[in-house]
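What follows is the content of upload29.txt, which has compact mmCIF, C-alpha atoms:
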# COMPACT_ATOMS: atom_id res chain seq x y z
CA MET A 1291 34.13 12.26 -57.76
CA SER A 1292 32.49 14.70 -60.09
CA ALA A 1293 33.44 17.47 -57.72
CA GLU A 1294 36.94 17.57 -59.07
CA PRO A 1295 37.81 21.00 -60.34
CA PRO A 1296 38.22 21.03 -64.11
CA ASP A 1297 41.77 22.31 -63.89
CA ALA A 1298 42.99 19.52 -61.66
CA PRO A 1299 46.70 18.86 -62.22
CA GLY A 1300 48.58 16.18 -64.18
CA PRO A 1301 48.14 12.57 -63.16
CA ASP A 1302 44.43 12.84 -62.52
CA GLN A 1303 43.78 14.35 -65.90
CA PRO A 1304 42.30 11.31 -67.67
CA LEU A 1305 40.14 10.43 -64.67
CA VAL A 1306 38.92 13.97 -64.33
CA ARG A 1307 38.18 14.18 -67.95
CA ARG A 1308 36.33 10.94 -67.77
CA LEU A 1309 34.34 12.08 -64.75
CA LEU A 1310 33.48 15.31 -66.36
CA THR A 1311 32.13 13.80 -69.52
CA PRO A 1312 28.72 15.34 -69.83
CA ARG A 1313 26.78 12.16 -70.46
CA LEU A 1314 25.68 10.47 -67.28
CA ARG A 1315 26.79 6.88 -67.41
CA ARG A 1316 24.78 4.07 -65.91
CA VAL A 1317 27.34 3.37 -63.20
CA ASP A 1318 27.16 6.98 -62.09
CA LEU A 1319 23.46 6.55 -61.66
CA ALA A 1320 24.10 3.40 -59.65
CA VAL A 1321 26.52 5.22 -57.36
CA ALA A 1322 24.07 8.04 -56.88
CA ALA A 1323 21.25 5.61 -56.22
CA LEU A 1324 23.33 3.70 -53.69
CA LEU A 1325 24.24 6.86 -51.81
CA ALA A 1326 20.65 8.01 -51.88
CA VAL A 1327 19.63 4.67 -50.45
CA LEU A 1328 22.36 5.02 -47.82
CA GLY A 1329 21.16 8.45 -46.76
CA PHE A 1330 17.58 7.29 -46.74
CA ALA A 1331 18.36 4.17 -44.71
CA ALA A 1332 20.53 6.03 -42.25
CA VAL A 1333 17.83 8.59 -41.58
CA VAL A 1334 15.16 5.93 -41.30
CA GLN A 1335 17.29 3.96 -38.87
CA VAL A 1336 18.05 6.99 -36.74
CA ARG A 1337 14.40 7.93 -36.75
CA SER A 1338 13.19 4.48 -35.76
CA THR A 1339 15.84 4.24 -33.05
CA GLN A 1340 14.73 7.55 -31.61
CA ALA A 1341 11.04 6.80 -31.98
CA ASP A 1342 10.94 3.26 -30.67
CA GLY A 1343 13.34 3.60 -27.78
CA PRO A 1344 15.82 0.94 -26.79
CA LEU A 1345 13.43 -2.01 -27.10
CA ALA A 1346 13.02 -1.76 -30.87
CA THR A 1347 16.64 -2.51 -31.58
CA ALA A 1348 17.00 -5.12 -28.84
CA ARG A 1349 17.48 -8.67 -30.03
CA GLN A 1350 14.97 -11.41 -29.55
CA GLU A 1351 16.77 -13.13 -26.67
CA ASP A 1352 17.27 -9.80 -24.94
CA LEU A 1353 13.58 -9.08 -25.33
CA VAL A 1354 12.72 -12.50 -23.92
CA GLN A 1355 14.98 -11.82 -20.98
CA ILE A 1356 13.47 -8.40 -20.42
CA LEU A 1357 10.01 -9.94 -20.62
CA ASP A 1358 11.01 -12.58 -18.08
CA GLU A 1359 12.33 -9.95 -15.74
CA LEU A 1360 9.17 -7.94 -16.11
CA ALA A 1361 7.05 -11.00 -15.42
CA ASN A 1362 9.10 -11.79 -12.32
CA ARG A 1363 8.83 -8.23 -11.14
CA ASN A 1364 5.12 -8.29 -11.84
CA ASP A 1365 4.76 -11.43 -9.76
CA ARG A 1366 6.71 -9.92 -6.90
CA LEU A 1367 4.67 -6.74 -6.98
CA ARG A 1368 1.46 -8.72 -7.16
CA ALA A 1369 2.49 -10.70 -4.09
CA GLU A 1370 3.33 -7.46 -2.35
CA VAL A 1371 -0.07 -6.05 -3.25
CA GLY A 1372 -1.70 -9.15 -1.82
CA ALA A 1373 0.27 -8.90 1.41
CA LEU A 1374 -0.49 -5.21 1.78
CA GLU A 1375 -4.16 -5.78 1.13
CA ARG A 1376 -4.26 -8.49 3.75
CA THR A 1377 -2.56 -6.14 6.20
CA ARG A 1378 -5.06 -3.42 5.38
CA GLN A 1379 -7.94 -5.81 5.90
CA GLU A 1380 -6.49 -6.92 9.22
CA LEU A 1381 -6.05 -3.33 10.26
CA THR A 1382 -9.57 -2.28 9.32
CA SER A 1383 -11.19 -5.35 10.84
CA GLY A 1384 -8.81 -4.82 13.78
CA THR A 1385 -10.22 -1.39 14.44
CA GLY A 1386 -13.66 -2.93 14.19
CA THR A 1387 -12.67 -5.51 16.77
CA ASN A 1388 -11.16 -2.79 18.92
CA GLU A 1389 -14.37 -0.79 18.82
CA ALA A 1390 -16.42 -3.85 19.64
CA ALA A 1391 -14.04 -4.71 22.47
CA LEU A 1392 -14.23 -1.15 23.77
CA ALA A 1393 -18.03 -1.17 23.68
CA GLU A 1394 -18.05 -4.54 25.40
CA ALA A 1395 -15.63 -3.27 28.03
CA ARG A 1396 -17.84 -0.20 28.65
CA ARG A 1397 -20.93 -2.34 28.96
CA ARG A 1398 -19.14 -4.69 31.32
CA SER A 1399 -17.80 -1.86 33.45
CA GLN A 1400 -21.35 -0.51 33.73
CA LEU A 1401 -22.64 -3.90 34.83
CA LEU A 1402 -19.80 -4.37 37.27
CA GLY A 1403 -20.33 -0.81 38.45
CA VAL A 1404 -23.90 -1.74 39.38
CA LEU A 1405 -22.58 -4.73 41.28
CA ALA A 1406 -19.77 -2.81 42.96
CA GLY A 1407 -21.97 0.16 43.72
CA THR A 1408 -19.93 2.69 41.78
CA VAL A 1409 -22.75 3.67 39.43
CA ALA A 1410 -26.30 4.57 40.22
CA ALA A 1411 -28.93 2.07 39.14
CA ARG A 1412 -32.56 2.41 38.32
CA GLY A 1413 -35.27 0.06 37.25
CA PRO A 1414 -38.33 -1.76 38.54
CA GLY A 1415 -38.15 -2.62 42.17
CA LEU A 1416 -39.59 -1.71 45.53
CA GLY A 1417 -39.11 0.37 48.57
CA ILE A 1418 -39.24 -1.43 51.93
CA THR A 1419 -39.57 0.52 55.11
CA ILE A 1420 -38.84 -1.24 58.37
CA THR A 1421 -39.95 0.61 61.46
CA ASP A 1422 -38.49 -0.23 64.82
CA PRO A 1423 -40.43 1.41 67.62
CA LYS A 1424 -39.01 -0.96 70.24
CA GLY A 1425 -35.40 -0.83 69.16
CA GLN A 1426 -35.40 -4.57 68.62
CA VAL A 1427 -34.51 -4.62 64.95
CA THR A 1428 -30.82 -5.32 65.13
CA GLY A 1429 -28.13 -5.73 62.58
CA ASP A 1430 -28.73 -9.39 62.08
CA VAL A 1431 -32.39 -8.73 61.29
CA LEU A 1432 -31.32 -6.31 58.60
CA LEU A 1433 -28.73 -8.78 57.39
CA GLY A 1434 -31.38 -11.48 57.26
CA ALA A 1435 -33.61 -9.12 55.26
CA LEU A 1436 -30.77 -8.42 52.88
CA GLU A 1437 -30.10 -12.12 52.41
CA GLU A 1438 -33.77 -12.61 51.61
CA LEU A 1439 -33.62 -9.80 49.08
CA ARG A 1440 -30.51 -11.23 47.43
CA ALA A 1441 -32.00 -14.69 47.34
CA ALA A 1442 -35.06 -13.24 45.64
CA GLY A 1443 -32.91 -11.72 42.94
CA ALA A 1444 -32.29 -8.16 44.10
CA GLU A 1445 -29.68 -6.62 41.88
CA ALA A 1446 -29.00 -3.28 43.56
CA VAL A 1447 -29.83 -2.38 47.12
CA GLN A 1448 -29.36 0.63 49.31
CA ILE A 1449 -30.29 1.16 52.94
CA GLN A 1450 -31.28 4.56 54.13
CA GLY A 1451 -31.95 5.92 57.56
CA PRO A 1452 -33.25 9.35 58.45
CA ALA A 1453 -30.75 12.03 57.63
CA VAL A 1454 -28.15 12.39 60.35
CA LEU A 1455 -25.29 14.71 60.93
CA GLY A 1456 -22.15 13.82 59.09
CA ASP A 1457 -23.68 12.95 55.79
CA PRO A 1458 -21.69 14.19 52.89
CA PRO A 1459 -23.78 17.08 51.60
CA SER A 1460 -23.15 16.17 48.00
CA SER A 1461 -24.46 12.67 48.40
CA ARG A 1462 -27.22 11.88 46.00
CA ALA A 1463 -29.00 9.88 48.63
CA PRO A 1464 -28.33 11.38 52.04
CA GLY A 1465 -28.08 8.88 54.83
CA ALA A 1466 -28.05 6.03 52.38
CA VAL A 1467 -25.57 3.19 52.09
CA ARG A 1468 -25.15 1.22 48.93
CA VAL A 1469 -25.16 -2.44 49.77
CA VAL A 1470 -22.41 -4.45 48.17
CA ALA A 1471 -20.74 -7.78 48.76
CA SER A 1472 -18.63 -6.51 51.66
CA THR A 1473 -21.42 -4.65 53.43
CA SER A 1474 -21.40 -5.19 57.17
CA PHE A 1475 -24.10 -4.66 59.76
CA VAL A 1476 -23.00 -3.81 63.28
CA ASN A 1477 -25.36 -2.93 66.11
CA GLY A 1478 -24.93 0.64 67.21
CA ASP A 1479 -23.95 1.34 70.80
CA ASP A 1480 -27.11 3.23 71.59
CA GLY A 1481 -29.55 1.83 69.09
CA GLY A 1482 -29.50 1.93 65.40
CA VAL A 1483 -27.28 -0.11 63.12
CA VAL A 1484 -23.89 0.83 61.75
CA VAL A 1485 -23.89 -0.14 58.10
CA ASP A 1486 -20.44 0.05 56.56
CA GLY A 1487 -19.37 2.54 59.16
CA MET A 1488 -22.44 4.76 58.89
CA LEU A 1489 -24.83 4.85 61.77
CA LEU A 1490 -28.38 4.46 60.58
CA ARG A 1491 -31.35 4.88 62.79
CA PRO A 1492 -34.80 3.46 62.24
CA PRO A 1493 -36.92 3.49 60.27
CA TYR A 1494 -34.71 1.73 57.77
CA ARG A 1495 -35.64 2.13 54.17
CA PHE A 1496 -34.42 -0.44 51.71
CA THR A 1497 -34.51 0.57 48.09
CA VAL A 1498 -34.25 -2.55 45.96
CA ILE A 1499 -34.05 -3.09 42.23
CA GLY A 1500 -35.29 -6.48 41.12
CA ASP A 1501 -38.49 -8.25 40.18
CA PRO A 1502 -40.97 -6.56 42.56
CA ASN A 1503 -43.46 -9.41 42.73
CA THR A 1504 -40.86 -12.07 43.38
CA ILE A 1505 -39.21 -10.01 46.06
CA GLU A 1506 -42.45 -9.08 47.78
CA THR A 1507 -43.50 -12.71 47.80
CA ALA A 1508 -40.13 -13.71 49.21
CA LEU A 1509 -40.46 -11.15 51.98
CA GLY A 1510 -43.81 -12.56 53.00
CA ILE A 1511 -42.93 -16.25 53.32
CA PRO A 1512 -43.35 -17.75 56.81
CA GLY A 1513 -40.25 -17.14 58.86
CA GLY A 1514 -39.18 -14.50 56.38
CA VAL A 1515 -38.44 -10.83 56.80
CA LEU A 1516 -41.98 -9.85 57.64
CA ASP A 1517 -42.21 -12.46 60.37
CA THR A 1518 -38.85 -11.65 61.85
CA VAL A 1519 -39.45 -7.93 61.96
CA GLU A 1520 -42.89 -8.28 63.40
CA GLN A 1521 -41.53 -10.56 66.09
CA SER A 1522 -39.12 -7.77 66.91
CA GLY A 1523 -42.00 -5.40 67.29
CA GLY A 1524 -41.45 -3.57 64.03
CA ARG A 1525 -43.46 -3.23 60.90
CA VAL A 1526 -42.64 -3.68 57.25
CA VAL A 1527 -44.18 -1.53 54.56
CA VAL A 1528 -43.53 -2.57 50.99
CA VAL A 1529 -44.18 -0.25 48.06
CA GLN A 1530 -43.60 -1.49 44.52
CA GLY A 1531 -42.35 0.90 41.89
CA GLN A 1532 -41.68 0.64 38.17
CA ASP A 1533 -38.80 3.05 38.28
CA VAL A 1534 -36.80 2.92 41.46
CA LEU A 1535 -33.55 4.80 41.82
CA VAL A 1536 -30.68 3.38 43.79
CA GLY A 1537 -28.57 6.49 43.93
CA ALA A 1538 -26.14 5.83 46.77
CA LEU A 1539 -22.62 5.34 45.48
CA ARG A 1540 -19.41 3.82 46.65
CA ALA A 1541 -15.97 5.09 45.91
CA THR A 1542 -14.01 2.94 43.53
CA THR A 1543 -11.28 1.21 45.41
CA THR A 1544 -8.19 -0.15 43.78
CA PRO A 1545 -7.16 -3.49 45.20
CA ARG A 1546 -3.76 -3.24 46.84
CA TYR A 1547 -2.73 -6.85 46.35
CA ALA A 1548 -5.04 -8.58 43.95
CA ARG A 1549 -4.21 -8.28 40.28
CA PRO A 1550 -6.25 -9.61 37.37
CA ALA A 1551 -4.87 -13.06 36.64
CA SER A 1552 -5.58 -13.11 32.95
CA MET B 290 28.86 16.21 -56.85
CA ILE B 291 26.05 14.03 -58.04
CA PRO B 292 26.65 11.39 -55.30
CA ALA B 293 26.68 14.08 -52.61
CA LEU B 294 23.43 15.48 -54.02
CA ALA B 295 21.99 11.98 -54.11
CA LEU B 296 22.97 11.47 -50.48
CA ILE B 297 21.23 14.70 -49.50
CA VAL B 298 18.19 13.73 -51.56
CA GLY B 299 18.06 10.40 -49.74
CA VAL B 300 18.27 12.11 -46.35
CA VAL B 301 15.52 14.54 -47.32
CA LEU B 302 13.34 11.70 -48.57
CA GLY B 303 13.85 9.80 -45.32
CA LEU B 304 12.97 12.90 -43.30
CA ALA B 305 9.95 13.60 -45.48
CA PHE B 306 8.39 10.14 -45.54
CA GLU B 307 9.31 8.89 -42.07
CA PRO B 308 8.76 5.27 -43.06
CA THR B 309 8.77 2.61 -40.38
CA VAL B 310 11.35 -0.12 -40.67
CA PRO B 311 9.76 -3.49 -41.43
CA ALA B 312 10.16 -5.90 -38.53
CA ALA B 313 12.08 -8.40 -40.67
CA LEU B 314 14.65 -5.75 -41.57
CA GLN B 315 15.07 -4.29 -38.12
CA PRO B 316 18.17 -6.27 -37.06
CA TYR B 317 19.89 -5.72 -40.43
CA LEU B 318 19.30 -2.09 -41.23
CA PRO B 319 21.80 -0.61 -38.74
CA ILE B 320 24.48 -3.11 -39.80
CA ALA B 321 23.75 -2.40 -43.46
CA VAL B 322 24.10 1.32 -42.86
CA VAL B 323 27.44 0.87 -41.12
CA ALA B 324 28.66 -1.42 -43.92
CA ALA B 325 27.58 1.14 -46.52
CA LEU B 326 29.39 3.85 -44.59
CA ASP B 327 32.50 1.72 -44.71
CA ALA B 328 32.16 1.44 -48.50
CA VAL B 329 31.64 5.20 -48.81
CA PHE B 330 34.71 6.01 -46.75
CA GLY B 331 36.70 3.56 -48.80
CA ALA B 332 35.44 5.26 -51.95
CA VAL B 333 36.41 8.71 -50.70
CA ARG B 334 39.87 7.43 -49.84
CA ALA B 335 40.22 5.79 -53.26
CA GLN B 336 39.05 8.99 -54.89
CA LEU B 337 41.69 10.97 -53.05
CA GLU B 338 44.34 8.42 -54.00
CA GLY B 339 43.19 8.59 -57.59
CA ILE B 340 42.31 4.95 -57.80
CA PHE B 341 38.55 5.31 -57.55
CA ASP B 342 36.52 3.12 -59.78
CA ASP B 343 32.74 3.39 -59.77
CA ARG B 344 32.23 -0.25 -60.61
CA VAL B 345 34.41 -1.28 -57.70
CA PHE B 346 32.47 1.12 -55.51
CA VAL B 347 29.11 -0.25 -56.56
CA VAL B 348 30.21 -3.84 -56.11
CA SER B 349 31.94 -3.21 -52.78
CA PHE B 350 28.95 -1.20 -51.51
CA VAL B 351 26.44 -3.90 -52.37
CA SER B 352 28.64 -6.78 -51.26
CA ASN B 353 29.52 -5.03 -48.00
CA VAL B 354 25.84 -4.58 -47.20
CA LEU B 355 24.94 -8.09 -48.25
CA VAL B 356 27.80 -9.75 -46.36
CA ALA B 357 27.11 -7.75 -43.24
CA GLY B 358 23.43 -8.67 -43.42
CA LEU B 359 24.30 -12.30 -44.09
CA VAL B 360 26.68 -12.47 -41.13
CA VAL B 361 24.06 -11.03 -38.82
CA PHE B 362 21.43 -13.36 -40.24
CA LEU B 363 23.72 -16.35 -39.68
CA GLY B 364 24.43 -15.12 -36.19
CA ASP B 365 20.72 -14.89 -35.49
CA GLN B 366 20.22 -18.44 -36.75
CA LEU B 367 23.09 -19.66 -34.57
CA GLY B 368 21.85 -17.79 -31.54
CA VAL B 369 24.84 -15.42 -31.42
CA GLY B 370 23.24 -12.63 -33.42
CA GLY B 371 23.91 -9.98 -30.81
CA GLN B 372 27.58 -10.83 -30.48
CA LEU B 373 28.09 -11.17 -34.24
CA SER B 374 26.47 -7.87 -35.03
CA THR B 375 28.70 -6.30 -32.40
CA GLY B 376 31.68 -7.96 -34.07
CA VAL B 377 30.63 -6.73 -37.50
CA VAL B 378 30.19 -3.21 -36.19
CA VAL B 379 33.60 -3.33 -34.53
CA VAL B 380 35.34 -4.58 -37.70
CA LEU B 381 33.58 -2.05 -39.90
CA GLY B 382 34.33 0.66 -37.38
CA ILE B 383 38.01 -0.18 -37.48
CA ARG B 384 37.97 -0.05 -41.29
CA ILE B 385 36.14 3.27 -41.22
CA PHE B 386 38.74 4.65 -38.83
CA SER B 387 41.66 3.48 -40.94
CA ASN B 388 40.03 4.91 -44.07
CA ALA B 389 39.39 8.16 -42.25
CA ALA B 390 43.03 8.20 -41.20
CA ALA B 391 44.14 7.72 -44.81
CA ILE B 392 41.82 10.50 -45.96
CA ARG B 393 43.18 12.74 -43.25
CA ARG B 394 46.73 12.05 -44.40
CA ARG B 395 45.76 12.82 -47.95
CA VAL B 396 43.92 16.03 -47.16
CA PHE B 397 46.07 17.50 -44.44
CA HIS B 398 49.31 15.70 -45.27
CA ALA B 399 49.53 14.77 -41.60
Have the structure of the file written as structure tokens, please.
Amino acid sequence: MSAEPPDAPGPDQPLVRRLLTPRLRRVDLAVAALLAVLGFAAVVQVRSTQADGPLATARQEDLVQILDELANRNDRLRAEVGALERTRQELTSGTGTNEAALAEARRRSQLLGVLAGTVAARGPGLGITITDPKGQVTGDVLLGALEELRAAGAEAVQIQGPAVLGDPPSSRAPGAVRVVASTSFVNGDDGGVVVDGMLLRPPYRFTVIGDPNTIETALGIPGGVLDTVEQSGGRVVVVQGQDVLVGALRATTTPRYARPAS
Amino acid sequence: MIPALALIVGVVLGLAFEPTVPAALQPYLPIAVVAALDAVFGAVRAQLEGIFDDRVFVVSFVSNVLVAGLVVFLGDQLGVGGQLSTGVVVVLGIRIFSNAAAIRRRVFHA
């Protein structure tokens, strides 16, 4: 407007002259003020748009929608957090359960090992020596003695004869047989008793873990082990001990047919 | 010359003060700026065609801004504020383009 060169040609002459009049008219001030306001507002708007990001210029309904979406997303994430935390808890408590189960299984296998004769056992008990000078103590006498011991609460039993040839040299209890549920007593051809395939000769030494007093009392009842053996011409010597070792072991056998049913 | 200087002064002031836009004005300021731009382009075109009149410019500038703001305000009240401001921007944009085309024809004779 006022930038027109002073020597602008013909038709614009009056306008130019008017624009170039030195006094600043009020309307010129208004124009200048408006443009200043425009520049100011434009810069402010650009600044606020850059500073506030897209949310500042978003409309109210858009903002409400965005808020809704955020709330929904928040809910979903919260639910996910809950689920994950439950999973984590299950996993941690699961490992706890696993450890407990493992410990329980170990304990149980130890107990069953004592029963099955695959682990050595020690504890209070007694040693019983049955001598047989006349060769009259047969397998069924020993079996009767064993039944007495079991009835009196014997928990681990081994029978040992004097060392004979054929013992495995590494055996912890040479000449000893761990007595288990399947133990058999067969009279030997020329004396002695074959216990689970091993020929034992007298004197037979039972090593028993159990309540010593109860077992000793049980041995001495009329018609019991003491009576039977003495009728056969033998003698029974009982020695109690607080820490008796039943060290004879059996090999673990895997059942060929039976499988755990549960 | 003076309006161009005033424009620059306004820009400098805006850069210097960095004021925040009041929340009530936030929906209207961008529309107002676009409307004012439309008035300015129209003024430049009129200037080049030799029919510029400062009174007309002042009135059209102010009324452009006010009408644009009013339209957006009405749109907000009616729940179509977003669409209406888009419409206003589109219309003003078209006017700015046609003014720019006229200016181009004047300046470059093409």
Please compute the CA of Leu1439 in chain A-CA of Asp1479 in chain A distance, one decimal, in Å.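 Between CA of Leu1439 in chain A and CA of Asp1479 in chain A the gap works out to 26.3 Å.
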Each side padded by 8 Å, which centre and which edge lengths in Å (one decimal) define the axis-aligned box around the listed atoms of range 383-395 of chain B? Give them as AutoDock Vina command-line options.
--center_x 41.4 --center_y 6.3 --center_z -42.7 --size_x 26.6 --size_y 29.0 --size_z 26.5
Quick one: pull the distance between CA of Asp1422 in chain A and CA of Ala1446 in chain A, Å, one decimal.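 Going from CA of Asp1422 in chain A over to CA of Ala1446 in chain A, I get 23.5 Å.
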If I take CA of Ala335 in chain B and CA of Val379 in chain B, how far is one from the other in Å, to one decimal?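 Result for CA of Ala335 in chain B versus CA of Val379 in chain B: 21.9 Å, one decimal.
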Can you list, as a short mmCIF file (atom, residue, chain, number, x, y, z; two decimals) with C-alpha atoms, in the frame of the given file, every protein, DNA or RNA residue that comes within 10 Å of Val1483 in chain A when you count all atoms listed in the file, leaving out same-chain residues fewer than 2 positions away?
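Wrote selection_9.cif, looks like this:
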data_model
loop_
_atom_site.label_atom_id
_atom_site.label_comp_id
_atom_site.auth_asym_id
_atom_site.auth_seq_id
_atom_site.Cartn_x
_atom_site.Cartn_y
_atom_site.Cartn_z
CA VAL A 1427 -34.51 -4.62 64.95
CA THR A 1428 -30.82 -5.32 65.13
CA GLY A 1429 -28.13 -5.73 62.58
CA ASP A 1430 -28.73 -9.39 62.08
CA LEU A 1432 -31.32 -6.31 58.60
CA GLY A 1451 -31.95 5.92 57.56
CA SER A 1474 -21.40 -5.19 57.17
CA PHE A 1475 -24.10 -4.66 59.76
CA VAL A 1476 -23.00 -3.81 63.28
CA ASN A 1477 -25.36 -2.93 66.11
CA GLY A 1478 -24.93 0.64 67.21
CA ASP A 1479 -23.95 1.34 70.80
CA ASP A 1480 -27.11 3.23 71.59
CA GLY A 1481 -29.55 1.83 69.09
CA VAL A 1485 -23.89 -0.14 58.10
CA ASP A 1486 -20.44 0.05 56.56
CA GLY A 1487 -19.37 2.54 59.16
CA MET A 1488 -22.44 4.76 58.89
CA LEU A 1489 -24.83 4.85 61.77
CA LEU A 1490 -28.38 4.46 60.58
CA ARG A 1491 -31.35 4.88 62.79
CA PRO A 1492 -34.80 3.46 62.24
CA TYR A 1494 -34.71 1.73 57.77
#
Could you give me, as a Markdown table, a per-residue list for chain B showing, wherever an atom lies at most 6 Å from an atom of chain A, the closest pair of atoms and their distance in Å to one decimal, using all atoms listed in the file and sorting by chain then residue number from low to high?
| residue | atom | partner | partner_atom | distance |
| --- | --- | --- | --- | --- |
| B:Met290 | CA | A:Ala1293 | CA | 4.8 |
| B:Pro292 | CA | A:Ala1322 | CA | 4.5 |
| B:Ala295 | CA | A:Ala1326 | CA | 4.7 |
| B:Leu296 | CA | A:Ala1326 | CA | 4.4 |
| B:Gly299 | CA | A:Ala1326 | CA | 4.1 |
| B:Val300 | CA | A:Gly1329 | CA | 4.7 |
| B:Gly303 | CA | A:Phe1330 | CA | 4.7 |
| B:Val322 | CA | A:Ala1332 | CA | 5.9 |
With only C-alpha atoms as the basis for distance, which of A:Glu1370, A:Glu1437, A:Asp1365, A:Glu1445 is at the shortest distance from Gly1413 in chain A?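 Counting only C-alpha atoms, the residue closest to Gly1413 in chain A is A:Glu1445.
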List as a list in words the residues having at least one atom at most 12 Å from position (-32.3, -11.3, 56.0) as given in the file, counting all atoms listed in the file.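 Protein and nucleic acid residues near the point are Val1427, Thr1428, Gly1429, Asp1430, Val1431, Leu1432, Leu1433, Gly1434, Ala1435, Leu1436, Glu1437, Glu1438, Leu1439, Arg1440, Ala1441, Ala1442, Phe1475, Phe1496, Ala1508, Leu1509, Gly1510, Gly1513, Gly1514, Val1515, Leu1516, Asp1517, Thr1518 and Val1519 of chain A.
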Measuring atom to atom with all atoms listed in the file, identify which of A:Gln1355, A:Thr1542, A:Gln1521, A:Ser1383 is nearest to Leu1402 in chain A. A:Thr1542
As a list in words, please: the residues near range 393-399 of chain B (cut-off 10 Å, all atoms listed in the file, same-chain neighbours under 6 positions excluded).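 Those residues are Arg334, Leu337, Glu338 and Ser387 of chain B.
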Give the answer as one residue: which of B:Ala313, B:Val351, B:Val333, B:Ile297 has the shortest atom-to-atom distance to Ala391 in chain B, using all atoms listed in the file?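 Closest candidate: B:Val333.
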Near Leu1535 in chain A, counting all atoms listed in the file, which residues have an atom at most 12 Å away, once you skip same-chain residues fewer than 6 positions from it, shown as JSON, numbers by chain? {"A": [1404, 1409, 1410, 1411, 1412, 1413, 1414, 1415, 1416, 1417, 1446, 1447, 1448, 1462, 1463, 1466, 1468, 1496, 1497, 1498, 1499, 1500]}
Residues of the last selection are to be written out with C-alpha atoms, as a short mmCIF file (atom, residue, chain, number, x, y, z; two decimals), in the frame of the given file.
data_model
loop_
_atom_site.label_atom_id
_atom_site.label_comp_id
_atom_site.auth_asym_id
_atom_site.auth_seq_id
_atom_site.Cartn_x
_atom_site.Cartn_y
_atom_site.Cartn_z
CA VAL A 1404 -23.90 -1.74 39.38
CA VAL A 1409 -22.75 3.67 39.43
CA ALA A 1410 -26.30 4.57 40.22
CA ALA A 1411 -28.93 2.07 39.14
CA ARG A 1412 -32.56 2.41 38.32
CA GLY A 1413 -35.27 0.06 37.25
CA PRO A 1414 -38.33 -1.76 38.54
CA GLY A 1415 -38.15 -2.62 42.17
CA LEU A 1416 -39.59 -1.71 45.53
CA GLY A 1417 -39.11 0.37 48.57
CA ALA A 1446 -29.00 -3.28 43.56
CA VAL A 1447 -29.83 -2.38 47.12
CA GLN A 1448 -29.36 0.63 49.31
CA ARG A 1462 -27.22 11.88 46.00
CA ALA A 1463 -29.00 9.88 48.63
CA ALA A 1466 -28.05 6.03 52.38
CA ARG A 1468 -25.15 1.22 48.93
CA PHE A 1496 -34.42 -0.44 51.71
CA THR A 1497 -34.51 0.57 48.09
CA VAL A 1498 -34.25 -2.55 45.96
CA ILE A 1499 -34.05 -3.09 42.23
CA GLY A 1500 -35.29 -6.48 41.12
#
Missing atoms in range 291-302 of chain B need filling: write out N, CA and C atoms for it as a CSV table (one decimal), in the coordinates of the input.
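Final output, saved to selection.csv:
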chain,number,residue,atom,x,y,z
B,291,ILE,N,27.3,14.7,-57.9
B,291,ILE,CA,26.0,14.0,-58.0
B,291,ILE,C,25.8,13.1,-56.9
B,292,PRO,N,26.9,12.3,-56.5
B,292,PRO,CA,26.6,11.4,-55.3
B,292,PRO,C,26.3,12.2,-54.0
B,293,ALA,N,27.0,13.3,-53.8
B,293,ALA,CA,26.7,14.1,-52.6
B,293,ALA,C,25.2,14.6,-52.7
B,294,LEU,N,24.8,15.1,-53.9
B,294,LEU,CA,23.4,15.5,-54.0
B,294,LEU,C,22.5,14.3,-53.8
B,295,ALA,N,22.9,13.1,-54.3
B,295,ALA,CA,22.0,12.0,-54.1
B,295,ALA,C,21.9,11.6,-52.6
B,296,LEU,N,23.0,11.7,-51.9
B,296,LEU,CA,23.0,11.5,-50.5
B,296,LEU,C,22.0,12.4,-49.8
B,297,ILE,N,22.1,13.7,-50.1
B,297,ILE,CA,21.2,14.7,-49.5
B,297,ILE,C,19.8,14.4,-49.9
B,298,VAL,N,19.6,14.0,-51.1
B,298,VAL,CA,18.2,13.7,-51.6
B,298,VAL,C,17.6,12.6,-50.7
B,299,GLY,N,18.5,11.6,-50.5
B,299,GLY,CA,18.1,10.4,-49.7
B,299,GLY,C,17.7,10.8,-48.3
B,300,VAL,N,18.5,11.7,-47.7
B,300,VAL,CA,18.3,12.1,-46.4
B,300,VAL,C,16.9,12.9,-46.3
B,301,VAL,N,16.8,13.7,-47.3
B,301,VAL,CA,15.5,14.5,-47.3
B,301,VAL,C,14.3,13.6,-47.5
B,302,LEU,N,14.5,12.6,-48.4
B,302,LEU,CA,13.3,11.7,-48.6
B,302,LEU,C,13.0,11.0,-47.3
